[in-house]
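Enquirer: structure-v4.csv is reproduced below (CSV, N, CA and C atoms).
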chain,number,residue,atom,x,y,z
K,274,MET,N,1.3,-17.2,-19.7
K,274,MET,CA,2.5,-16.8,-18.9
K,274,MET,C,3.6,-17.7,-19.3
K,275,ALA,N,4.8,-17.2,-19.3
K,275,ALA,CA,6.0,-18.0,-19.6
K,275,ALA,C,6.3,-18.9,-18.5
K,276,GLU,N,6.9,-20.1,-18.9
K,276,GLU,CA,7.3,-21.1,-17.9
K,276,GLU,C,8.3,-20.5,-17.0
K,277,GLY,N,8.2,-20.7,-15.7
K,277,GLY,CA,9.1,-20.3,-14.7
K,277,GLY,C,8.9,-18.8,-14.3
K,278,THR,N,7.9,-18.2,-14.8
K,278,THR,CA,7.5,-16.8,-14.4
K,278,THR,C,6.6,-16.9,-13.2
K,279,VAL,N,7.0,-16.1,-12.2
K,279,VAL,CA,6.2,-16.0,-10.9
K,279,VAL,C,5.2,-14.8,-11.1
K,280,ARG,N,4.0,-15.1,-10.8
K,280,ARG,CA,3.0,-14.0,-10.9
K,280,ARG,C,2.4,-13.9,-9.5
K,281,PRO,N,2.7,-12.8,-8.9
K,281,PRO,CA,2.1,-12.5,-7.5
K,281,PRO,C,0.6,-12.4,-7.6
K,282,ARG,N,0.0,-12.9,-6.5
K,282,ARG,CA,-1.5,-12.7,-6.4
K,282,ARG,C,-1.9,-11.3,-6.2
K,283,GLN,N,-1.1,-10.6,-5.4
K,283,GLN,CA,-1.3,-9.2,-5.2
K,283,GLN,C,0.1,-8.5,-5.1
K,284,MET,N,0.2,-7.3,-5.7
K,284,MET,CA,1.5,-6.6,-5.6
K,284,MET,C,1.7,-6.0,-4.3
K,285,LEU,N,2.9,-6.2,-3.8
K,285,LEU,CA,3.4,-5.7,-2.5
K,285,LEU,C,4.2,-4.4,-2.8
K,286,LEU,N,3.9,-3.3,-2.0
K,286,LEU,CA,4.6,-2.1,-2.2
K,286,LEU,C,5.4,-1.7,-1.0
K,287,THR,N,6.5,-1.0,-1.2
K,287,THR,CA,7.3,-0.5,-0.1
K,287,THR,C,6.6,0.8,0.4
K,288,VAL,N,7.0,1.3,1.5
K,288,VAL,CA,6.5,2.6,2.0
K,288,VAL,C,6.8,3.7,1.1
K,289,PRO,N,8.0,3.9,0.5
K,289,PRO,CA,8.2,4.9,-0.5
K,289,PRO,C,7.4,4.8,-1.7
K,290,GLU,N,7.2,3.6,-2.2
K,290,GLU,CA,6.3,3.3,-3.4
K,290,GLU,C,4.9,3.7,-3.1
K,291,THR,N,4.4,3.4,-1.9
K,291,THR,CA,3.1,3.8,-1.5
K,291,THR,C,2.9,5.3,-1.4
K,292,ALA,N,3.9,5.9,-0.8
K,292,ALA,CA,3.9,7.4,-0.7
K,292,ALA,C,3.8,8.0,-2.1
K,293,GLU,N,4.6,7.5,-3.0
K,293,GLU,CA,4.6,8.1,-4.4
K,293,GLU,C,3.3,7.9,-5.0
K,294,LEU,N,2.7,6.7,-4.9
K,294,LEU,CA,1.4,6.4,-5.4
K,294,LEU,C,0.3,7.3,-4.9
K,295,LEU,N,0.4,7.6,-3.6
K,295,LEU,CA,-0.6,8.4,-3.0
K,295,LEU,C,-0.3,9.9,-3.1
K,296,GLY,N,0.9,10.2,-3.5
K,296,GLY,CA,1.3,11.6,-3.6
K,296,GLY,C,1.5,12.3,-2.3
K,297,VAL,N,1.9,11.5,-1.3
K,297,VAL,CA,2.2,12.1,0.1
K,297,VAL,C,3.6,11.7,0.5
K,298,SER,N,4.0,12.1,1.7
K,298,SER,CA,5.3,11.8,2.2
K,298,SER,C,5.3,10.4,2.8
K,299,GLY,N,6.5,9.9,2.9
K,299,GLY,CA,6.7,8.6,3.5
K,299,GLY,C,6.3,8.6,5.0
K,300,TRP,N,6.5,9.8,5.6
K,300,TRP,CA,6.2,9.9,7.0
K,300,TRP,C,4.7,9.7,7.2
K,301,LEU,N,3.9,10.3,6.3
K,301,LEU,CA,2.4,10.2,6.4
K,301,LEU,C,2.0,8.7,6.3
K,302,VAL,N,2.6,8.0,5.3
K,302,VAL,CA,2.3,6.6,5.1
K,302,VAL,C,2.7,5.8,6.4
K,303,TRP,N,3.8,6.1,7.0
K,303,TRP,CA,4.2,5.4,8.3
K,303,TRP,C,3.1,5.7,9.4
K,304,LYS,N,2.7,7.0,9.5
K,304,LYS,CA,1.6,7.3,10.5
K,304,LYS,C,0.3,6.6,10.2
K,305,LEU,N,0.0,6.4,9.0
K,305,LEU,CA,-1.2,5.6,8.6
K,305,LEU,C,-1.1,4.2,9.0
K,306,VAL,N,0.1,3.6,8.8
K,306,VAL,CA,0.4,2.2,9.1
K,306,VAL,C,0.4,2.1,10.7
K,307,TRP,N,1.0,3.0,11.4
K,307,TRP,CA,1.1,2.9,12.8
K,307,TRP,C,-0.3,3.0,13.5
K,308,SER,N,-1.1,3.8,12.9
K,308,SER,CA,-2.5,4.1,13.4
K,308,SER,C,-3.4,2.9,13.1
K,309,GLY,N,-3.0,2.1,12.1
K,309,GLY,CA,-3.9,1.0,11.7
K,309,GLY,C,-4.9,1.4,10.6
K,310,GLU,N,-4.8,2.6,10.1
K,310,GLU,CA,-5.7,3.0,9.0
K,310,GLU,C,-5.3,2.4,7.7
K,311,LEU,N,-4.0,2.1,7.6
K,311,LEU,CA,-3.5,1.4,6.3
K,311,LEU,C,-2.9,0.1,6.7
K,312,PRO,N,-3.5,-1.0,6.4
K,312,PRO,CA,-2.9,-2.3,6.8
K,312,PRO,C,-1.6,-2.5,6.1
K,313,SER,N,-0.7,-3.2,6.9
K,313,SER,CA,0.6,-3.6,6.3
K,313,SER,C,0.9,-5.0,6.8
K,314,THR,N,2.0,-5.5,6.1
K,314,THR,CA,2.5,-6.9,6.5
K,314,THR,C,4.0,-6.8,6.6
K,315,ARG,N,4.5,-7.7,7.4
K,315,ARG,CA,6.0,-7.8,7.5
K,315,ARG,C,6.5,-8.9,6.7
K,316,VAL,N,7.6,-8.7,6.0
K,316,VAL,CA,8.3,-9.7,5.2
K,316,VAL,C,9.7,-9.7,5.9
K,317,GLY,N,9.9,-10.6,6.9
K,317,GLY,CA,11.1,-10.5,7.7
K,317,GLY,C,11.0,-9.2,8.5
K,318,ARG,N,12.0,-8.3,8.4
K,318,ARG,CA,12.0,-7.1,9.1
K,318,ARG,C,11.4,-5.9,8.2
K,319,LEU,N,11.1,-6.2,7.0
K,319,LEU,CA,10.6,-5.2,6.1
K,319,LEU,C,9.1,-5.0,6.2
K,320,VAL,N,8.6,-3.8,6.0
K,320,VAL,CA,7.2,-3.6,6.0
K,320,VAL,C,6.7,-3.4,4.6
K,321,ARG,N,5.7,-4.1,4.2
K,321,ARG,CA,5.1,-4.0,2.8
K,321,ARG,C,3.6,-3.8,2.9
K,322,LEU,N,3.1,-3.1,1.9
K,322,LEU,CA,1.6,-2.9,1.8
K,322,LEU,C,1.1,-3.5,0.5
K,323,TYR,N,-0.1,-4.1,0.7
K,323,TYR,CA,-0.7,-4.7,-0.5
K,323,TYR,C,-1.4,-3.5,-1.3
K,324,LEU,N,-1.2,-3.6,-2.6
K,324,LEU,CA,-1.8,-2.6,-3.5
K,324,LEU,C,-3.3,-2.5,-3.3
K,325,SER,N,-3.9,-3.7,-3.1
K,325,SER,CA,-5.4,-3.7,-2.9
K,325,SER,C,-5.8,-3.0,-1.6
K,326,ASP,N,-4.9,-3.1,-0.5
K,326,ASP,CA,-5.2,-2.3,0.7
K,326,ASP,C,-5.1,-0.8,0.5
K,327,VAL,N,-4.1,-0.4,-0.3
K,327,VAL,CA,-3.9,1.0,-0.6
K,327,VAL,C,-5.1,1.5,-1.4
K,328,THR,N,-5.6,0.8,-2.4
K,328,THR,CA,-6.7,1.3,-3.2
K,328,THR,C,-8.0,1.3,-2.3
K,329,ALA,N,-8.1,0.3,-1.4
K,329,ALA,CA,-9.3,0.2,-0.6
K,329,ALA,C,-9.3,1.5,0.4
K,330,TYR,N,-8.1,1.8,0.9
K,330,TYR,CA,-8.0,3.0,1.7
K,330,TYR,C,-8.4,4.3,1.0
K,331,LEU,N,-8.0,4.4,-0.3
K,331,LEU,CA,-8.4,5.5,-1.1
K,331,LEU,C,-9.9,5.6,-1.3
K,332,GLU,N,-10.5,4.4,-1.5
K,332,GLU,CA,-12.0,4.4,-1.7
K,332,GLU,C,-12.7,4.8,-0.4
K,333,ARG,N,-12.2,4.3,0.7
K,333,ARG,CA,-12.8,4.6,2.0
K,333,ARG,C,-12.8,6.1,2.3
K,334,ASN,N,-11.7,6.7,1.8
K,334,ASN,CA,-11.5,8.1,2.2
K,334,ASN,C,-11.8,9.1,1.0
K,335,ARG,N,-12.5,8.6,0.0
K,335,ARG,CA,-12.8,9.5,-1.1
K,335,ARG,C,-14.0,10.3,-0.7
K,336,ARG,N,-13.9,11.6,-1.1
K,336,ARG,CA,-15.0,12.5,-0.8
K,336,ARG,C,-15.6,13.0,-2.1
K,337,ARG,N,-16.9,13.1,-2.1
K,337,ARG,CA,-17.5,13.6,-3.3
K,337,ARG,C,-17.5,15.2,-3.3
K,338,VAL,N,-17.2,15.7,-4.4
K,338,VAL,CA,-17.2,17.2,-4.6
K,338,VAL,C,-18.5,17.6,-5.2
K,339,GLU,N,-19.2,18.5,-4.5
K,339,GLU,CA,-20.6,18.9,-5.0
K,339,GLU,C,-20.5,20.3,-5.6
Can the structure in the file be given as structure tokens, please?

Expert:
Amino acid sequence: MAEGTVRPRQMLLTVPETAELLGVSGWLVWKLVWSGELPSTRVGRLVRLYLSDVTAYLERNRRRVE
């Protein structure tokens, strides 16, 4: 890693970025955050989601097709 480069431990996503990643609307992401199904964190007044929480949500809700 180059000197002076900051490497985040986990990537933080905005609600629109999360919606794009999941292929859903921003409104649905907000509903998941408000219901507690999708954990979020605040950075000042901003809401952010950890990429690891988003992928964990996907794993918890994955259905097997038979």

Enquirer: Could you tell me which of K:Leu322, K:Leu305, K:Pro312, K:Gly317 comes closest to Val288 of chain K if we count only C-alpha atoms?

Expert: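 Closest to Val288 of chain K of all the choices is K:Leu322.
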
Enquirer: Write down as a ChimeraX atom specification the residues belonging to chain K that are assigned helix (DSSP H, G or I) by DSSP computed on the backbone.

Expert: /K:288-295,299-308,324-333

Enquirer: Just write the chosen residues, N, CA and C atoms, as a short mmCIF file (atom, residue, chain, number, x, y, z; two decimals), keeping the file's coordinate frame.

Expert:
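Wrote it out as out.cif, contents follow:
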data_model
loop_
_atom_site.label_atom_id
_atom_site.label_comp_id
_atom_site.auth_asym_id
_atom_site.auth_seq_id
_atom_site.Cartn_x
_atom_site.Cartn_y
_atom_site.Cartn_z
N VAL K 288 7.00 1.30 1.50
CA VAL K 288 6.50 2.60 2.00
C VAL K 288 6.80 3.70 1.10
N PRO K 289 8.00 3.90 0.50
CA PRO K 289 8.20 4.90 -0.50
C PRO K 289 7.40 4.80 -1.70
N GLU K 290 7.20 3.60 -2.20
CA GLU K 290 6.30 3.30 -3.40
C GLU K 290 4.90 3.70 -3.10
N THR K 291 4.40 3.40 -1.90
CA THR K 291 3.10 3.80 -1.50
C THR K 291 2.90 5.30 -1.40
N ALA K 292 3.90 5.90 -0.80
CA ALA K 292 3.90 7.40 -0.70
C ALA K 292 3.80 8.00 -2.10
N GLU K 293 4.60 7.50 -3.00
CA GLU K 293 4.60 8.10 -4.40
C GLU K 293 3.30 7.90 -5.00
N LEU K 294 2.70 6.70 -4.90
CA LEU K 294 1.40 6.40 -5.40
C LEU K 294 0.30 7.30 -4.90
N LEU K 295 0.40 7.60 -3.60
CA LEU K 295 -0.60 8.40 -3.00
C LEU K 295 -0.30 9.90 -3.10
N GLY K 299 6.50 9.90 2.90
CA GLY K 299 6.70 8.60 3.50
C GLY K 299 6.30 8.60 5.00
N TRP K 300 6.50 9.80 5.60
CA TRP K 300 6.20 9.90 7.00
C TRP K 300 4.70 9.70 7.20
N LEU K 301 3.90 10.30 6.30
CA LEU K 301 2.40 10.20 6.40
C LEU K 301 2.00 8.70 6.30
N VAL K 302 2.60 8.00 5.30
CA VAL K 302 2.30 6.60 5.10
C VAL K 302 2.70 5.80 6.40
N TRP K 303 3.80 6.10 7.00
CA TRP K 303 4.20 5.40 8.30
C TRP K 303 3.10 5.70 9.40
N LYS K 304 2.70 7.00 9.50
CA LYS K 304 1.60 7.30 10.50
C LYS K 304 0.30 6.60 10.20
N LEU K 305 0.00 6.40 9.00
CA LEU K 305 -1.20 5.60 8.60
C LEU K 305 -1.10 4.20 9.00
N VAL K 306 0.10 3.60 8.80
CA VAL K 306 0.40 2.20 9.10
C VAL K 306 0.40 2.10 10.70
N TRP K 307 1.00 3.00 11.40
CA TRP K 307 1.10 2.90 12.80
C TRP K 307 -0.30 3.00 13.50
N SER K 308 -1.10 3.80 12.90
CA SER K 308 -2.50 4.10 13.40
C SER K 308 -3.40 2.90 13.10
N LEU K 324 -1.20 -3.60 -2.60
CA LEU K 324 -1.80 -2.60 -3.50
C LEU K 324 -3.30 -2.50 -3.30
N SER K 325 -3.90 -3.70 -3.10
CA SER K 325 -5.40 -3.70 -2.90
C SER K 325 -5.80 -3.00 -1.60
N ASP K 326 -4.90 -3.10 -0.50
CA ASP K 326 -5.20 -2.30 0.70
C ASP K 326 -5.10 -0.80 0.50
N VAL K 327 -4.10 -0.40 -0.30
CA VAL K 327 -3.90 1.00 -0.60
C VAL K 327 -5.10 1.50 -1.40
N THR K 328 -5.60 0.80 -2.40
CA THR K 328 -6.70 1.30 -3.20
C THR K 328 -8.00 1.30 -2.30
N ALA K 329 -8.10 0.30 -1.40
CA ALA K 329 -9.30 0.20 -0.60
C ALA K 329 -9.30 1.50 0.40
N TYR K 330 -8.10 1.80 0.90
CA TYR K 330 -8.00 3.00 1.70
C TYR K 330 -8.40 4.30 1.00
N LEU K 331 -8.00 4.40 -0.30
CA LEU K 331 -8.40 5.50 -1.10
C LEU K 331 -9.90 5.60 -1.30
N GLU K 332 -10.50 4.40 -1.50
CA GLU K 332 -12.00 4.40 -1.70
C GLU K 332 -12.70 4.80 -0.40
N ARG K 333 -12.20 4.30 0.70
CA ARG K 333 -12.80 4.60 2.00
C ARG K 333 -12.80 6.10 2.30
#

Enquirer: Place a sphere of radius 12 Å on (-5.5, 3.2, 3.0) in the file coordinates and name every protein, DNA or RNA residue with an atom inside or on its surface, counting only C-alpha atoms; give the answer as an MDAnalysis selection string.

Expert: chainID K and resid 291:292 294:295 301:313 322:335

Enquirer: Could you tell me how far atom CA of Leu286 of chain K sits from atom CA of Leu319 of chain K, in Å to one decimal place?

Expert: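 Computed distance, atom CA of Leu319 of chain K to atom CA of Leu286 of chain K, equals 10.7 Å.
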
Enquirer: State, in Å with one decimal place, the distance from atom N of Leu285 of chain K to atom C of Arg336 of chain K.

Expert: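 Atom-to-atom, atom N of Leu285 of chain K and atom C of Arg336 of chain K are spaced 26.7 Å apart.
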